[in-house]
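Text of structure-v9.txt (compact mmCIF, C-alpha atoms and all ligand atoms) as supplied:
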# COMPACT_ATOMS: atom_id res chain seq x y z
CA MET A 7 167.39 94.05 56.09
CA ILE A 8 168.39 94.55 59.70
CA ASN A 9 167.07 98.11 59.50
CA ASP A 10 163.59 96.84 58.58
CA PHE A 11 163.06 95.42 62.05
CA ILE A 12 162.27 98.67 63.81
CA PRO A 13 159.49 99.95 61.50
CA LYS A 14 158.02 96.43 61.31
CA ILE A 15 157.96 95.96 65.06
CA LYS A 16 156.62 99.49 65.64
CA LYS A 17 153.72 98.73 63.33
CA GLU A 18 152.95 95.43 65.02
CA ILE A 19 153.15 96.97 68.46
CA THR A 20 150.52 99.56 67.65
CA GLN A 21 148.11 96.74 66.90
CA ILE A 22 148.63 95.01 70.23
CA SER A 23 146.12 95.52 73.02
CA THR A 24 146.91 92.80 75.56
CA GLU A 25 149.94 91.94 77.64
CA ASN A 26 149.72 88.41 76.37
CA ASP A 27 150.06 89.46 72.73
CA LEU A 28 152.95 91.66 73.68
CA MET A 29 154.74 88.73 75.33
CA ASN A 30 154.16 86.71 72.17
CA LEU A 31 155.63 89.49 70.07
CA LYS A 32 158.63 89.66 72.36
CA SER A 33 159.35 85.96 71.99
CA LYS A 34 158.70 86.16 68.26
CA TYR A 35 161.66 88.54 67.93
CA LEU A 36 163.83 88.20 71.02
CA GLY A 37 163.04 84.65 72.18
CA LYS A 38 165.61 81.85 71.83
CA LYS A 39 164.51 81.13 68.31
CA GLY A 40 163.21 84.64 67.71
CA GLU A 41 163.78 86.29 64.34
CA PHE A 42 166.13 88.90 65.74
CA THR A 43 167.99 86.42 67.92
CA VAL A 44 168.61 84.16 64.95
CA LEU A 45 170.01 87.13 63.10
CA THR A 46 172.31 88.18 65.94
CA ASN A 47 173.51 84.61 66.31
CA SER A 48 174.85 84.82 62.80
CA ILE A 49 177.34 87.51 63.91
CA LYS A 50 179.76 84.85 64.97
CA ASP A 51 180.09 83.80 61.31
CA LEU A 52 181.20 87.28 60.25
CA SER A 53 184.75 88.38 59.76
CA ILE A 54 186.42 90.38 62.50
CA ASP A 55 186.01 93.66 60.60
CA GLU A 56 182.36 93.04 59.89
CA LYS A 57 181.84 92.14 63.53
CA LYS A 58 183.30 95.50 64.50
CA THR A 59 180.89 97.46 62.34
CA GLN A 60 177.77 95.28 62.59
CA GLY A 61 178.05 94.39 66.29
CA PRO A 62 177.23 97.86 67.71
CA ILE A 63 174.42 98.33 65.17
CA ILE A 64 172.80 95.03 66.13
CA ASN A 65 173.17 95.85 69.81
CA SER A 66 171.57 99.25 69.49
CA ILE A 67 168.70 97.83 67.45
CA LYS A 68 168.19 95.15 70.12
CA LYS A 69 168.08 97.85 72.79
CA GLU A 70 165.57 99.81 70.77
CA ILE A 71 163.34 96.77 70.34
CA GLU A 72 163.50 96.14 74.08
CA SER A 73 162.65 99.70 74.90
CA LEU A 74 159.72 99.73 72.42
CA ILE A 75 158.33 96.59 74.08
CA GLY A 76 158.99 98.03 77.55
CA ALA A 77 157.19 101.25 76.71
CA LYS A 78 154.20 99.38 75.31
CA PHE A 79 154.16 97.20 78.40
CA LYS A 80 153.89 100.27 80.63
CA LEU A 81 151.17 101.66 78.44
CA LEU A 82 149.09 98.46 78.63
CA LYS A 83 149.55 98.32 82.42
CA GLN A 84 148.39 101.90 82.80
CA SER A 85 145.36 101.46 80.61
CA SER A 86 144.31 98.34 82.47
CA ILE A 87 144.57 100.29 85.74
CA ASN A 88 142.51 103.10 84.22
CA LYS A 89 139.91 100.63 83.07
CA LYS A 90 139.67 99.10 86.54
CA LEU A 91 139.41 102.51 88.16
CA SER A 92 136.65 103.60 85.85
CA GLU A 93 134.71 100.39 86.59
CA GLU A 94 135.04 101.00 90.30
CA ARG A 95 133.99 104.58 90.13
CA ILE A 96 131.03 105.53 92.30
CA ASP A 97 128.69 108.20 91.09
CA ILE A 98 128.53 110.41 94.14
CA SER A 99 126.19 112.80 92.40
CA LEU A 100 123.23 110.38 92.92
CA PRO A 101 120.66 111.90 95.25
CA SER A 102 120.42 110.04 98.58
CA LYS A 103 117.41 107.92 99.53
CA GLY A 104 116.51 110.39 102.27
CA SER A 105 115.82 109.44 105.86
CA SER A 106 112.46 108.52 107.32
CA TYR A 107 111.31 109.13 110.86
CA GLY A 108 109.63 106.64 113.15
CA SER A 109 106.61 107.63 115.20
CA VAL A 110 105.03 106.71 118.50
CA HIS A 111 102.82 103.60 118.19
CA PRO A 112 99.07 104.44 118.39
CA ILE A 113 98.69 102.29 121.53
CA SER A 114 101.53 104.19 123.22
CA GLN A 115 99.98 107.49 122.11
CA VAL A 116 96.61 106.60 123.64
CA LEU A 117 98.24 105.20 126.77
CA ASP A 118 100.30 108.39 127.23
CA GLU A 119 97.18 110.49 126.75
CA ILE A 120 95.24 108.57 129.42
CA VAL A 121 98.16 108.63 131.86
CA ASN A 122 98.43 112.39 131.30
CA ILE A 123 94.79 112.97 132.16
CA PHE A 124 94.98 110.98 135.39
CA THR A 125 98.25 112.57 136.49
CA GLN A 126 96.51 115.92 136.06
CA PHE A 127 93.92 114.59 138.55
CA GLY A 128 96.77 113.91 140.97
CA PHE A 129 97.18 110.14 140.42
CA GLU A 130 100.70 108.72 140.66
CA VAL A 131 101.95 106.08 138.21
CA PHE A 132 103.29 102.69 139.34
CA GLU A 133 104.03 99.70 137.16
CA GLY A 134 103.81 96.08 138.30
CA PRO A 135 105.17 92.69 137.21
CA GLU A 136 103.71 90.89 134.19
CA ILE A 137 104.56 87.51 135.72
CA GLU A 138 102.25 87.33 138.70
CA SER A 139 101.31 84.84 141.36
CA GLU A 140 97.88 83.28 141.53
CA TYR A 141 97.56 84.97 144.90
CA TYR A 142 97.82 88.56 143.61
CA ASN A 143 96.02 87.91 140.32
CA PHE A 144 93.07 86.04 141.86
CA GLU A 145 92.93 85.15 145.56
CA ALA A 146 93.67 88.54 147.10
CA LEU A 147 91.14 90.05 144.69
CA ASN A 148 88.36 87.78 145.94
CA ILE A 149 88.27 85.81 142.69
CA SER A 150 87.09 82.39 143.84
CA LYS A 151 88.67 79.11 142.80
CA ASP A 152 85.71 78.26 140.55
CA HIS A 153 85.61 81.64 138.78
CA PRO A 154 85.72 81.17 134.98
CA ALA A 155 88.64 83.62 134.68
CA ARG A 156 90.73 81.03 136.50
CA ASP A 157 90.14 78.47 133.77
CA MET A 158 93.14 77.15 131.83
CA GLN A 159 91.37 78.36 128.71
CA ASP A 160 91.50 81.98 129.83
CA THR A 161 94.80 82.24 131.65
CA PHE A 162 98.41 81.50 130.68
CA TYR A 163 99.66 79.45 133.63
CA LEU A 164 103.42 79.20 134.03
CA GLY A 165 103.41 76.53 136.74
CA GLN A 166 104.37 76.66 140.41
CA GLY A 167 101.71 79.23 141.22
CA SER A 168 102.91 81.69 138.55
CA LEU A 169 100.94 83.05 135.62
CA LEU A 170 100.93 85.91 133.13
CA ARG A 171 98.69 88.47 134.79
CA THR A 172 95.25 88.59 133.21
CA HIS A 173 94.60 92.16 134.36
CA THR A 174 96.36 95.06 136.10
CA SER A 175 94.14 94.72 139.20
CA PRO A 176 96.84 92.79 141.18
CA MET A 177 98.59 96.16 141.46
CA GLN A 178 95.78 97.30 143.79
CA VAL A 179 96.84 94.66 146.29
CA ARG A 180 100.58 95.19 145.79
CA MET A 181 100.21 98.93 146.42
CA MET A 182 97.98 98.64 149.47
CA GLU A 183 100.15 95.91 150.98
CA VAL A 184 103.10 98.27 151.36
CA ASN A 185 101.38 101.66 151.76
CA GLU A 186 98.95 103.21 154.19
CA PRO A 187 96.01 105.28 152.85
CA PRO A 188 95.59 107.73 151.27
CA ILE A 189 96.43 105.93 148.02
CA LYS A 190 95.85 107.51 144.63
CA ILE A 191 97.53 105.57 141.86
CA ILE A 192 97.18 104.36 138.31
CA SER A 193 99.06 101.38 136.95
CA PRO A 194 99.43 100.89 133.20
CA GLY A 195 100.88 97.78 131.61
CA LYS A 196 100.61 94.64 129.52
CA VAL A 197 98.19 91.85 130.39
CA TYR A 198 97.66 88.40 128.85
CA ARG A 199 94.73 86.14 128.07
CA CYS A 200 94.27 83.04 125.88
CA ASP A 201 92.08 84.85 123.43
CA SER A 202 92.38 85.92 119.81
CA ASP A 203 89.85 87.40 117.39
CA VAL A 204 88.95 90.81 115.88
CA THR A 205 88.57 92.37 119.33
CA HIS A 206 91.03 90.25 121.36
CA THR A 207 94.77 89.68 121.22
CA PRO A 208 96.65 87.37 123.64
CA MET A 209 98.56 90.42 124.89
CA PHE A 210 96.92 93.79 125.41
CA HIS A 211 97.19 96.82 127.67
CA GLN A 212 95.22 98.00 130.65
CA ILE A 213 95.31 100.89 133.08
CA GLU A 214 94.23 100.26 136.64
CA GLY A 215 93.12 103.04 138.94
CA LEU A 216 92.82 102.99 142.73
CA LEU A 217 91.86 105.72 145.18
CA VAL A 218 91.59 104.88 148.89
CA ASP A 219 90.96 107.37 151.68
CA ARG A 220 88.61 108.08 154.57
CA VAL A 221 85.46 109.18 152.73
CA ILE A 222 85.62 108.02 149.13
CA THR A 223 82.15 107.51 147.65
CA PHE A 224 80.53 106.40 144.43
CA ALA A 225 80.06 110.12 143.67
CA ASN A 226 83.86 110.48 143.54
CA LEU A 227 84.01 107.51 141.18
CA LYS A 228 81.42 109.05 138.86
CA GLY A 229 83.00 112.49 139.02
CA ILE A 230 86.51 111.29 138.20
CA LEU A 231 85.45 108.95 135.39
CA ASN A 232 83.02 111.42 133.81
CA GLU A 233 85.73 114.06 133.76
CA PHE A 234 88.13 111.53 132.26
CA ILE A 235 85.65 110.68 129.48
CA ALA A 236 85.06 114.39 128.78
CA ARG A 237 88.80 114.98 128.38
CA PHE A 238 89.53 111.82 126.42
CA PHE A 239 86.48 111.51 124.12
CA GLY A 240 85.07 115.04 124.20
CA LYS A 241 82.96 117.31 126.43
CA ASP A 242 79.58 116.41 124.95
CA ILE A 243 79.86 112.65 125.21
CA LYS A 244 77.06 111.08 127.25
CA THR A 245 77.97 108.42 129.81
CA ARG A 246 76.05 105.84 131.76
CA PHE A 247 77.06 103.67 134.72
CA ARG A 248 75.52 100.24 134.20
CA PRO A 249 75.40 97.84 137.19
CA SER A 250 77.80 94.94 136.77
CA TYR A 251 79.77 92.42 138.78
CA PHE A 252 83.46 92.18 139.63
CA PRO A 253 84.60 90.12 142.64
CA PHE A 254 86.94 92.86 143.87
CA THR A 255 84.44 95.73 143.85
CA GLU A 256 81.05 96.17 145.51
CA PRO A 257 79.00 97.74 144.05
CA SER A 258 80.44 97.30 140.55
CA ALA A 259 79.59 99.05 137.33
CA GLU A 260 80.56 99.27 133.71
CA LEU A 261 80.87 102.68 132.16
CA ASP A 262 79.31 103.08 128.72
CA ILE A 263 79.59 106.06 126.40
CA GLU A 264 77.18 107.08 123.68
CA TRP A 265 79.20 106.89 120.51
CA LYS A 266 78.48 107.52 116.86
CA ASP A 267 79.89 104.96 114.44
CA LYS A 268 81.22 105.93 111.00
CA SER A 269 77.76 105.90 109.42
CA GLY A 270 76.45 108.21 112.15
CA ASN A 271 74.48 105.61 114.13
CA LYS A 272 74.54 106.15 117.88
CA ALA A 273 75.14 103.22 120.22
CA TRP A 274 76.20 102.63 123.82
CA MET A 275 79.78 101.37 123.96
CA GLU A 276 81.26 99.77 127.04
CA VAL A 277 84.58 101.45 127.87
CA LEU A 278 85.67 100.33 131.34
CA GLY A 279 84.89 98.46 134.56
CA CYS A 280 84.78 100.13 137.96
CA GLY A 281 83.36 100.04 141.45
CA MET A 282 83.92 100.57 145.15
CA VAL A 283 86.74 98.45 146.59
CA ASN A 284 85.26 95.28 148.10
CA PRO A 285 85.91 95.08 151.90
CA LYS A 286 87.20 91.54 151.27
CA VAL A 287 90.10 93.04 149.32
CA PHE A 288 90.79 95.41 152.22
CA ASP A 289 90.87 92.34 154.48
CA SER A 290 93.62 90.76 152.44
CA VAL A 291 95.83 93.85 152.94
CA SER A 292 94.68 94.40 156.55
CA TYR A 293 92.99 97.73 155.93
CA ASP A 294 90.14 98.57 158.27
CA SER A 295 87.07 98.83 156.03
CA ALA A 296 85.20 100.65 158.79
CA GLU A 297 87.73 103.44 158.46
CA PHE A 298 88.60 103.46 154.76
CA THR A 299 86.72 103.24 151.50
CA GLY A 300 88.05 103.16 147.98
CA LEU A 301 87.19 103.33 144.33
CA ALA A 302 88.79 101.33 141.56
CA PHE A 303 88.61 101.18 137.82
CA GLY A 304 90.26 99.28 134.99
CA MET A 305 90.24 99.93 131.26
CA GLY A 306 91.61 98.29 128.14
CA ILE A 307 93.78 100.62 126.09
CA GLU A 308 93.27 98.84 122.77
CA ARG A 309 89.51 99.06 123.25
CA LEU A 310 89.62 102.80 123.95
CA ALA A 311 91.99 103.34 121.02
CA MET A 312 89.71 101.37 118.67
CA ILE A 313 86.66 103.43 119.63
CA LYS A 314 88.47 106.74 119.46
CA LEU A 315 90.39 106.05 116.23
CA GLY A 316 87.60 104.08 114.51
CA ILE A 317 89.58 100.85 114.14
CA THR A 318 87.53 97.69 113.65
CA ASP A 319 90.16 94.97 113.98
CA ILE A 320 92.44 94.97 117.04
CA ARG A 321 95.06 92.89 115.19
CA TYR A 322 96.05 95.88 113.05
CA PHE A 323 97.88 97.25 116.10
CA TYR A 324 100.33 94.35 116.10
CA GLN A 325 100.94 93.58 112.44
CA ASN A 326 103.63 96.27 112.10
CA ASP A 327 102.17 97.40 108.79
CA LEU A 328 103.59 100.87 108.11
CA LYS A 329 100.59 101.79 105.96
CA PHE A 330 98.46 101.42 109.08
CA LEU A 331 100.90 102.86 111.63
CA LYS A 332 101.74 105.96 109.57
CA GLN A 333 98.15 107.17 109.84
CA PHE A 334 98.58 108.04 113.51
N1 LIG B 1 90.19 93.84 136.09
C1 LIG B 1 88.96 93.96 135.33
C2 LIG B 1 89.13 93.25 134.00
O1 LIG B 1 90.21 92.99 133.59
C3 LIG B 1 88.64 95.39 135.07
C4 LIG B 1 88.24 96.13 136.31
C5 LIG B 1 86.89 96.16 136.67
C6 LIG B 1 89.16 96.75 137.10
C7 LIG B 1 86.48 96.84 137.78
C8 LIG B 1 88.76 97.43 138.25
C9 LIG B 1 87.41 97.46 138.57
O2 LIG B 1 89.63 98.05 139.03
O3 LIG B 1 87.03 98.13 139.68
O4 LIG B 1 88.14 92.98 133.36
Here is the file; what I need is its structure written in the form of structure tokens.
Amino acid sequence: MINDFIPKIKKEITQISTENDLMNLKSKYLGKKGEFTVLTNSIKDLSIDEKKTQGPIINSIKKEIESLIGAKFKLLKQSSINKKLSEERIDISLPSKGSSYGSVHPISQVLDEIVNIFTQFGFEVFEGPEIESEYYNFEALNISKDHPARDMQDTFYLGQGSLLRTHTSPMQVRMMEVNEPPIKIISPGKVYRCDSDVTHTPMFHQIEGLLVDRVITFANLKGILNEFIARFFGKDIKTRFRPSYFPFTEPSAELDIEWKDKSGNKAWMEVLGCGMVNPKVFDSVSYDSAEFTGLAFGMGIERLAMIKLGITDIRYFYQNDLKFLKQF
């Protein structure tokens, strides 16, 4: 009967698949009240001779049972490790998602293009502060206290005489204040107005131009701006200088171009403001207007970009929609 244990246990062990079941099997045979333990406890009732012969047999069977259980235990441990490893396996053969490249924003592209053209004409680039004083933004530019641009509705006032500049024109004054003529600069940057619809955003970009020297005339203004339009919009584009009013230039004009819309209809489109520097502005920087004359111009980058790229809603530029941005 004692010899039946090994085959019986071997058979049971093959059916076991969890450590828990194995522990149960171990206590079933080797536990305090286990079947094999009960049997070995009966040794003490045997005669001395029987003890001598049976004792070693029982011991070796016990060892064998222990080693069978031990071996199975190792096996279960290993297979649970294998299972865990296979669950954690990463399939490195998957193709990667690939990388995508960013691109220069259309406004930056157009701005760079305009700056390039004017630097080819010999203009130097200077940037100015976006937080301006009322003095530079208005007063020094001959914009009177009752001018509508000064209204709370049009300008972001920051208090204590500060505001977000409404145009890049204050850079005219800042440059002339610290430099003697000749001056030949452009100044690109962000400007701010309380305004928002299909053609206006509260923040947009402008480029200011200023050329001051001894004999600068309206002919220089026309020549420079016509050449700019030819390079930016194309050689055959017609232009017209339409009389206008800006407090800081006299005379003032707006430059229109003849432009075909998508359905081929021609129309005059206003592209920028310009004029001859008003002597009152020279006064505020102590330039002698008997000795010097100057031309100035200012243009909105978003407006030029919309005309050139055929965009009908300015807000597309700032919605960060990749479907839009990837087209440029
Ligand atoms: N600062 C003007 C504006 O924001 C644009 C402008 C007009 C600038 C005429 C100039 C200029 O330098 O001469 O509407």
* To do: Produce as a PyMOL selection string the set of residues near ligand LIG 1 (chain B), where near means within 8 Å with only C-alpha atoms and all ligand atoms considered.
  => chain A and resi 172-175+178+212+214-216+252+254-255+258-260+278-283+301-306
* **For Glu25 (chain A), the nearest of the candidates A:Lys244, A:Lys151, A:Arg220, A:Lys80, counting only C-alpha atoms** => A:Lys80
* Test item: residues at most 12 Å from Ile64 (chain A), only C-alpha atoms, excluding those fewer than 2 positions along its chain, as a VMD selection string -> chain A and resid 7 to 9 11 to 12 42 to 49 56 to 62 66 to 71
* To do: Using only C-alpha atoms, pick whichever of A:Lys103, A:Lys196, A:Lys78, A:Lys89 has the shortest atom-to-atom distance to Lys16 (chain A).
  =>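 Going through A:Lys103, A:Lys196, A:Lys78, A:Lys89 one by one, the smallest distance to Lys16 (chain A) is for A:Lys78.
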* Structure fact -> Atom pair CA of Ser139 (chain A) + CA of Val218 (chain A), distance 23.5 Å
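The space separating CA of Thr125 (chain A) from CA of Ser109 (chain A) comes to 23.4 Å.
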